[in-house]
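Next comes my_file_14.tsv, with TSV, C-alpha atoms.
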chain	number	residue	atom	x	y	z
A	1	MET	CA	-18.01	-12.22	-0.18
A	2	THR	CA	-17.90	-10.79	-3.64
A	3	GLU	CA	-19.75	-8.19	-5.63
A	4	LYS	CA	-20.71	-8.09	-9.29
A	5	ASP	CA	-18.58	-6.18	-11.79
A	6	GLU	CA	-21.10	-5.03	-14.39
A	7	GLY	CA	-22.28	-8.64	-14.86
A	8	HIS	CA	-18.92	-9.90	-16.19
A	9	HIS	CA	-17.58	-11.79	-13.19
A	10	ALA	CA	-17.78	-11.76	-9.43
A	11	MET	CA	-15.15	-9.32	-8.17
A	12	LEU	CA	-12.58	-10.80	-5.85
A	13	ILE	CA	-11.22	-8.24	-3.39
A	14	LEU	CA	-8.69	-9.35	-0.78
A	15	ASP	CA	-8.09	-7.42	2.43
A	16	MET	CA	-4.72	-8.93	3.28
A	17	GLY	CA	-3.61	-8.57	6.87
A	18	CYS	CA	-7.11	-7.36	7.69
A	19	GLY	CA	-6.76	-7.50	11.47
A	20	SER	CA	-9.93	-6.31	13.18
A	21	LYS	CA	-11.08	-4.14	10.23
A	22	LEU	CA	-14.48	-5.16	8.87
A	23	ARG	CA	-14.69	-3.92	5.29
A	24	GLN	CA	-17.73	-4.98	3.29
A	25	GLY	CA	-17.46	-7.01	0.08
A	26	VAL	CA	-13.95	-8.33	0.70
A	27	VAL	CA	-12.31	-11.62	1.53
A	28	ARG	CA	-10.55	-11.00	4.84
A	29	VAL	CA	-7.08	-12.59	5.06
A	30	ASP	CA	-5.02	-12.73	8.25
A	31	LEU	CA	-2.73	-15.08	10.13
A	32	ASN	CA	-4.40	-14.34	13.46
A	33	ASP	CA	-7.56	-16.41	13.84
A	34	GLN	CA	-8.85	-14.22	16.71
A	35	PHE	CA	-9.95	-11.71	14.02
A	36	LYS	CA	-12.05	-14.43	12.35
A	37	PRO	CA	-10.66	-13.92	8.84
A	38	ASP	CA	-12.22	-15.73	5.88
A	39	VAL	CA	-8.77	-17.11	5.02
A	40	ILE	CA	-6.04	-17.78	7.58
A	41	TRP	CA	-2.71	-17.22	5.83
A	42	ASP	CA	0.81	-16.11	6.71
A	43	LEU	CA	1.61	-13.30	4.25
A	44	ASP	CA	5.31	-14.14	4.60
A	45	LYS	CA	4.56	-17.57	3.03
A	46	TYR	CA	4.79	-17.75	-0.77
A	47	PRO	CA	3.11	-18.38	-3.10
A	48	TYR	CA	-0.21	-16.98	-1.90
A	49	PRO	CA	-3.13	-19.40	-2.27
A	50	TRP	CA	-4.70	-17.69	-5.30
A	51	GLY	CA	-4.02	-18.39	-8.94
A	52	GLU	CA	-2.30	-16.09	-11.39
A	53	ASN	CA	-4.48	-13.18	-12.64
A	54	THR	CA	-7.48	-14.10	-10.45
A	55	VAL	CA	-7.88	-11.16	-8.03
A	56	ASP	CA	-9.46	-7.80	-8.92
A	57	LYS	CA	-8.21	-5.75	-5.98
A	58	ILE	CA	-5.87	-6.19	-3.03
A	59	ILE	CA	-5.86	-3.97	0.06
A	60	LEU	CA	-2.66	-3.91	2.14
A	61	ASP	CA	-3.64	-1.65	5.03
A	62	ASN	CA	-0.73	-1.20	7.43
A	63	ILE	CA	0.56	-4.73	6.92
A	64	LEU	CA	3.46	-4.35	4.47
A	65	GLU	CA	5.73	-2.82	7.12
A	66	HIS	CA	5.36	-6.00	9.22
A	67	LEU	CA	6.45	-8.43	6.50
A	68	LYS	CA	9.94	-9.92	6.21
A	69	ASP	CA	10.23	-9.30	2.46
A	70	PRO	CA	7.90	-6.52	1.26
A	71	MET	CA	9.26	-6.72	-2.30
A	72	GLU	CA	8.33	-10.40	-2.51
A	73	ALA	CA	4.86	-9.58	-1.19
A	74	ILE	CA	4.42	-6.94	-3.91
A	75	HIS	CA	5.59	-9.47	-6.52
A	76	GLU	CA	3.07	-11.99	-5.22
A	77	CYS	CA	0.28	-9.39	-5.31
A	78	HIS	CA	1.23	-8.56	-8.90
A	79	ARG	CA	1.11	-12.27	-9.80
A	80	ILE	CA	-2.40	-12.85	-8.46
A	81	LEU	CA	-3.90	-9.53	-9.63
A	82	ARG	CA	-5.76	-9.51	-12.93
A	83	PRO	CA	-4.41	-7.16	-15.61
A	84	GLN	CA	-5.51	-3.65	-14.60
A	85	GLY	CA	-6.18	-4.95	-11.08
A	86	GLU	CA	-5.85	-2.50	-8.19
A	87	LEU	CA	-3.33	-2.60	-5.37
A	88	GLU	CA	-4.23	-0.26	-2.49
A	89	ILE	CA	-1.40	0.17	0.01
A	90	HIS	CA	-1.40	2.08	3.31
A	91	VAL	CA	1.95	2.33	5.11
A	92	PRO	CA	3.55	4.42	7.86
A	93	TYR	CA	5.36	7.50	6.64
A	94	PHE	CA	9.04	7.31	7.56
A	95	ARG	CA	8.98	10.72	9.32
A	96	SER	CA	6.07	9.82	11.58
A	97	PRO	CA	6.85	9.09	15.22
A	98	TYR	CA	4.07	6.49	15.05
A	99	ALA	CA	6.10	4.51	12.52
A	100	PHE	CA	8.56	3.67	15.30
A	101	ILE	CA	6.15	2.95	18.16
A	102	ASP	CA	5.31	-0.58	16.98
A	103	PRO	CA	8.30	-2.88	17.57
A	104	THR	CA	7.05	-5.24	14.83
A	105	HIS	CA	7.52	-2.61	12.10
A	106	ARG	CA	10.42	-3.63	9.85
A	107	THR	CA	10.21	-1.01	7.07
A	108	PHE	CA	9.17	2.61	6.62
A	109	TYR	CA	8.11	4.41	3.47
A	110	SER	CA	8.61	7.67	1.60
A	111	ILE	CA	6.75	9.12	-1.35
A	112	TYR	CA	9.17	7.35	-3.70
A	113	SER	CA	9.20	3.89	-2.10
A	114	PHE	CA	6.94	2.32	-4.73
A	115	ASP	CA	8.61	4.00	-7.70
A	116	PHE	CA	10.64	0.80	-8.00
A	117	TYR	CA	7.50	-0.71	-9.56
A	118	ILE	CA	6.32	2.27	-11.64
A	119	LYS	CA	7.78	2.24	-15.15
A	120	GLY	CA	9.00	5.63	-16.32
A	121	THR	CA	10.02	6.89	-12.89
A	122	LYS	CA	13.69	7.70	-12.38
A	123	ILE	CA	14.02	5.02	-9.71
A	124	TYR	CA	12.44	2.27	-11.85
A	125	ASP	CA	14.51	3.15	-14.89
A	126	ARG	CA	17.76	3.51	-12.94
A	127	TYR	CA	17.70	0.52	-10.60
A	128	LYS	CA	15.51	-2.07	-12.36
A	129	TYR	CA	15.11	-4.16	-9.21
A	130	THR	CA	12.09	-5.86	-10.69
A	131	ASP	CA	10.40	-6.72	-13.94
A	132	ILE	CA	6.86	-6.18	-12.69
A	133	GLU	CA	5.03	-2.94	-13.47
A	134	PHE	CA	2.33	-0.86	-11.88
A	135	LYS	CA	0.88	2.49	-12.84
A	136	LEU	CA	0.49	5.04	-10.05
A	137	GLN	CA	-3.16	6.08	-9.89
A	138	LYS	CA	-2.67	8.32	-6.84
A	139	ARG	CA	-0.56	8.81	-3.74
A	140	LEU	CA	-1.99	10.48	-0.65
A	141	PHE	CA	-0.83	11.52	2.79
A	142	ASP	CA	-2.98	10.82	5.87
A	143	TYR	CA	-6.00	9.94	3.73
A	144	GLU	CA	-8.07	8.00	6.28
A	145	LEU	CA	-6.78	9.20	9.64
A	146	GLY	CA	-9.86	10.75	11.19
A	147	ASN	CA	-10.91	14.39	11.26
A	148	PRO	CA	-7.83	16.62	11.40
A	149	GLY	CA	-7.98	20.25	12.47
A	150	LEU	CA	-7.76	23.15	10.03
A	151	LEU	CA	-3.96	23.53	10.17
A	152	LYS	CA	-3.41	19.82	9.61
A	153	LYS	CA	-5.94	19.81	6.74
A	154	LEU	CA	-3.96	22.60	5.07
A	155	LEU	CA	-0.71	20.71	5.57
A	156	ILE	CA	-2.22	17.48	4.18
A	157	ASN	CA	-3.53	19.37	1.15
A	158	LEU	CA	-0.11	20.95	0.58
A	159	ALA	CA	1.64	17.58	0.95
A	160	ASN	CA	-0.76	15.88	-1.45
A	161	ARG	CA	-0.49	18.66	-4.02
A	162	TYR	CA	3.31	18.99	-3.78
A	163	PRO	CA	4.57	15.71	-2.29
A	164	SER	CA	8.25	16.14	-3.20
A	165	TYR	CA	8.29	19.71	-1.87
A	166	TYR	CA	6.66	18.60	1.39
A	167	GLU	CA	8.96	15.61	1.83
A	168	PHE	CA	12.18	17.54	1.23
A	169	TYR	CA	11.38	20.83	2.98
A	170	PHE	CA	8.62	20.38	5.59
A	171	SER	CA	8.21	16.74	6.62
A	172	HIS	CA	11.02	16.89	9.18
A	173	ILE	CA	9.39	19.92	10.83
A	174	ILE	CA	5.74	18.81	10.79
A	175	PRO	CA	5.58	15.09	10.00
A	176	LEU	CA	2.47	13.44	8.66
A	177	HIS	CA	1.76	9.84	9.59
A	178	GLN	CA	0.59	7.66	6.75
A	179	LEU	CA	1.03	7.27	3.01
A	180	SER	CA	-1.50	5.61	0.73
A	181	PHE	CA	-0.64	4.37	-2.75
A	182	TYR	CA	-3.18	3.28	-5.35
A	183	LEU	CA	-1.49	1.22	-8.04
A	184	ILE	CA	-2.82	-0.45	-11.20
A	185	LYS	CA	-1.22	-3.64	-12.50
A	186	GLN	CA	0.28	-3.22	-15.97
Please lay out the structure from this file as structure tokens.
Amino acid sequence: MTEKDEGHHAMLILDMGCGSKLRQGVVRVDLNDQFKPDVIWDLDKYPYPWGENTVDKIILDNILEHLKDPMEAIHECHRILRPQGELEIHVPYFRSPYAFIDPTHRTFYSIYSFDFYIKGTKIYDRYKYTDIEFKLQKRLFDYELGNPGLLKKLLINLANRYPSYYEFYFSHIIPLHQLSFYLIKQ
């Protein structure tokens, strides 16, 4: 399942940990064969079965928080992504009560959690946990979580416009539920 990229090559888009989601134009990857993925693979097993610089886009939709070593998974995604490839990540926000409902969740995320991979951020420059680099294209709260009411829409807009302000001053009062990160491999 691929689509053409302006006639240059067939785009390879992986939906890793796809579960029951049925996105079009992707290769569905999951360990659970009941979801009938295109590729059955344990995302905690490295290396992933794709070559270096071969994948155009990877979607990690509410899977990263289930993995034993999320940093290794990000490293592996970076390895298989082509230069300028896209990494789309959806994770539970650490303030959300829904983050703690699922007993298989191992990690929770804040607006700065992926700054460890984004050169030029204070966290990347200070800690240097990794030598891989991504560029942050965008970061969004509750992007695909249905049709919220007016008050929640206003809160989401405020949080997306001023994420640090929301996280430090309002998130403990009115928590949102999900964070989405759109990263570009450098």
Please report as CSV every residue of region 139-164 of chain A lying within 12 Å of region 109-118 of chain A, along with the nearest atom pair and their distance in Å (one decimal), using all atoms listed in the file.
residue,atom,partner,partner_atom,distance
A:Arg139,CA,A:Ile111,CA,7.7
A:Leu140,CA,A:Ile111,CA,8.9
A:Phe141,CA,A:Ile111,CA,9.0
A:Ala159,CA,A:Ile111,CA,10.1
A:Asn160,CA,A:Ile111,CA,10.1
A:Tyr162,CA,A:Ile111,CA,10.7
A:Pro163,CA,A:Ile111,CA,7.0
A:Ser164,CA,A:Ile111,CA,7.4
Export C-alpha atoms of the chosen residues as a JSON list (two decimals), in the frame of the given file?
[["chain", "number", "residue", "atom", "x", "y", "z"],
["A", 139, "ARG", "CA", -0.56, 8.81, -3.74],
["A", 140, "LEU", "CA", -1.99, 10.48, -0.65],
["A", 141, "PHE", "CA", -0.83, 11.52, 2.79],
["A", 159, "ALA", "CA", 1.64, 17.58, 0.95],
["A", 160, "ASN", "CA", -0.76, 15.88, -1.45],
["A", 162, "TYR", "CA", 3.31, 18.99, -3.78],
["A", 163, "PRO", "CA", 4.57, 15.71, -2.29],
["A", 164, "SER", "CA", 8.25, 16.14, -3.20]]
Checklist entry - Which of these, A:Ala10, A:Ile80, A:Met71, A:Ile173, has the shortest distance to Gly51 (chain A) once you count all atoms listed in the file? => result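 Smallest separation from Gly51 (chain A) among the options: A:Ile80.
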Checklist entry - Taking into account all atoms listed in the file, which residue in the set A:Trp41, A:Phe134, A:Tyr169, A:Phe181 is nearest to Gln84 (chain A)? => result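 Under the stated criterion, the closest residue is A:Phe134.
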Checklist entry - At what distance in Å, to one decimal, does CA of Ile59 (chain A) lie from CA of Met16 (chain A)? => result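 Between these atoms lies a distance of 6.0 Å.
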Next on the checklist: Nearest residue to Ile74 (chain A) out of A:Tyr127, A:Glu88, A:Asp142, A:Gly149, using only C-alpha atoms?
Outcome noted: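 That would be A:Glu88, the residue with the smallest distance to Ile74 (chain A).
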Checklist entry - What residues have an atom no more than 9 Å from (-5.6, -10.9, 14.4) in the file's own frame, counting only C-alpha atoms, and can you write them as a list in words? => result Gly17, Cys18, Gly19, Ser20, Asp30, Leu31, Asn32, Asp33, Gln34, Phe35, Lys36 and Pro37 of chain A
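Taking all atoms listed in the file into account, His66 (chain A) lies nearest to A:Asp42 out of the set A:Glu86, A:Pro49, A:Asp42, A:Arg79.
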Checklist entry - Which residue gives the smallest distance to Arg82 (chain A) among A:Lys57, A:His9, A:Lys135, A:Lys68, with only C-alpha atoms counted? => result A:Lys57
List as a PDB file with C-alpha atoms, in the coordinates of the input the protein and nucleic acid residues near His105 (chain A), meaning an atom at most 10 Å away when all atoms listed in the file are counted, but skip any in the same chain fewer than 2 places from it.
ATOM      1  CA  ASN A  62      -0.730  -1.200   7.430  1.00  0.00           C
ATOM      2  CA  ILE A  63       0.560  -4.730   6.920  1.00  0.00           C
ATOM      3  CA  LEU A  64       3.460  -4.350   4.470  1.00  0.00           C
ATOM      4  CA  GLU A  65       5.730  -2.820   7.120  1.00  0.00           C
ATOM      5  CA  HIS A  66       5.360  -6.000   9.220  1.00  0.00           C
ATOM      6  CA  LEU A  67       6.450  -8.430   6.500  1.00  0.00           C
ATOM      7  CA  LYS A  68       9.940  -9.920   6.210  1.00  0.00           C
ATOM      8  CA  PRO A  92       3.550   4.420   7.860  1.00  0.00           C
ATOM      9  CA  ALA A  99       6.100   4.510  12.520  1.00  0.00           C
ATOM     10  CA  PHE A 100       8.560   3.670  15.300  1.00  0.00           C
ATOM     11  CA  ILE A 101       6.150   2.950  18.160  1.00  0.00           C
ATOM     12  CA  ASP A 102       5.310  -0.580  16.980  1.00  0.00           C
ATOM     13  CA  PRO A 103       8.300  -2.880  17.570  1.00  0.00           C
ATOM     14  CA  THR A 107      10.210  -1.010   7.070  1.00  0.00           C
ATOM     15  CA  PHE A 108       9.170   2.610   6.620  1.00  0.00           C
TER      16      PHE A 108
END
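Distance-wise, CA of Tyr93 (chain A) and CA of Asp44 (chain A) end up 21.7 Å apart.
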Item to check | Best match for closeness to Glu72 (chain A) among A:Ile174, A:Leu43, A:Val29, A:Leu22, counting only C-alpha atoms | outcome: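 The answer is A:Leu43, which sits nearest to Glu72 (chain A).
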Next on the checklist: Using Å and a single decimal, report how far CA of Asp61 (chain A) sits from CA of Asn157 (chain A).
Outcome noted: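 One can read the CA of Asn157 (chain A) to CA of Asp61 (chain A) distance as 21.4 Å.
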Could you put an axis-aligned box around every listed atom of region 156-164 of chain A, padded by 3 Å on each side, and send me its centre and edge lengths in Å to one decimal, as JSON?
{"center_x": 2.4, "center_y": 18.3, "center_z": 0.1, "size_x": 17.8, "size_y": 11.2, "size_z": 14.2}
Tell me which residues come within 7 Å of (-4.0, 2.3, -3.1), as a compact mmCIF listing (two decimals) with C-alpha atoms, in the frame of the given file, counting all atoms listed in the file in the file's coordinates.
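Result file is part.txt:
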# COMPACT_ATOMS: atom_id res chain seq x y z
CA LEU A 87 -3.33 -2.60 -5.37
CA GLU A 88 -4.23 -0.26 -2.49
CA ILE A 89 -1.40 0.17 0.01
CA HIS A 90 -1.40 2.08 3.31
CA SER A 180 -1.50 5.61 0.73
CA PHE A 181 -0.64 4.37 -2.75
CA TYR A 182 -3.18 3.28 -5.35
CA LEU A 183 -1.49 1.22 -8.04
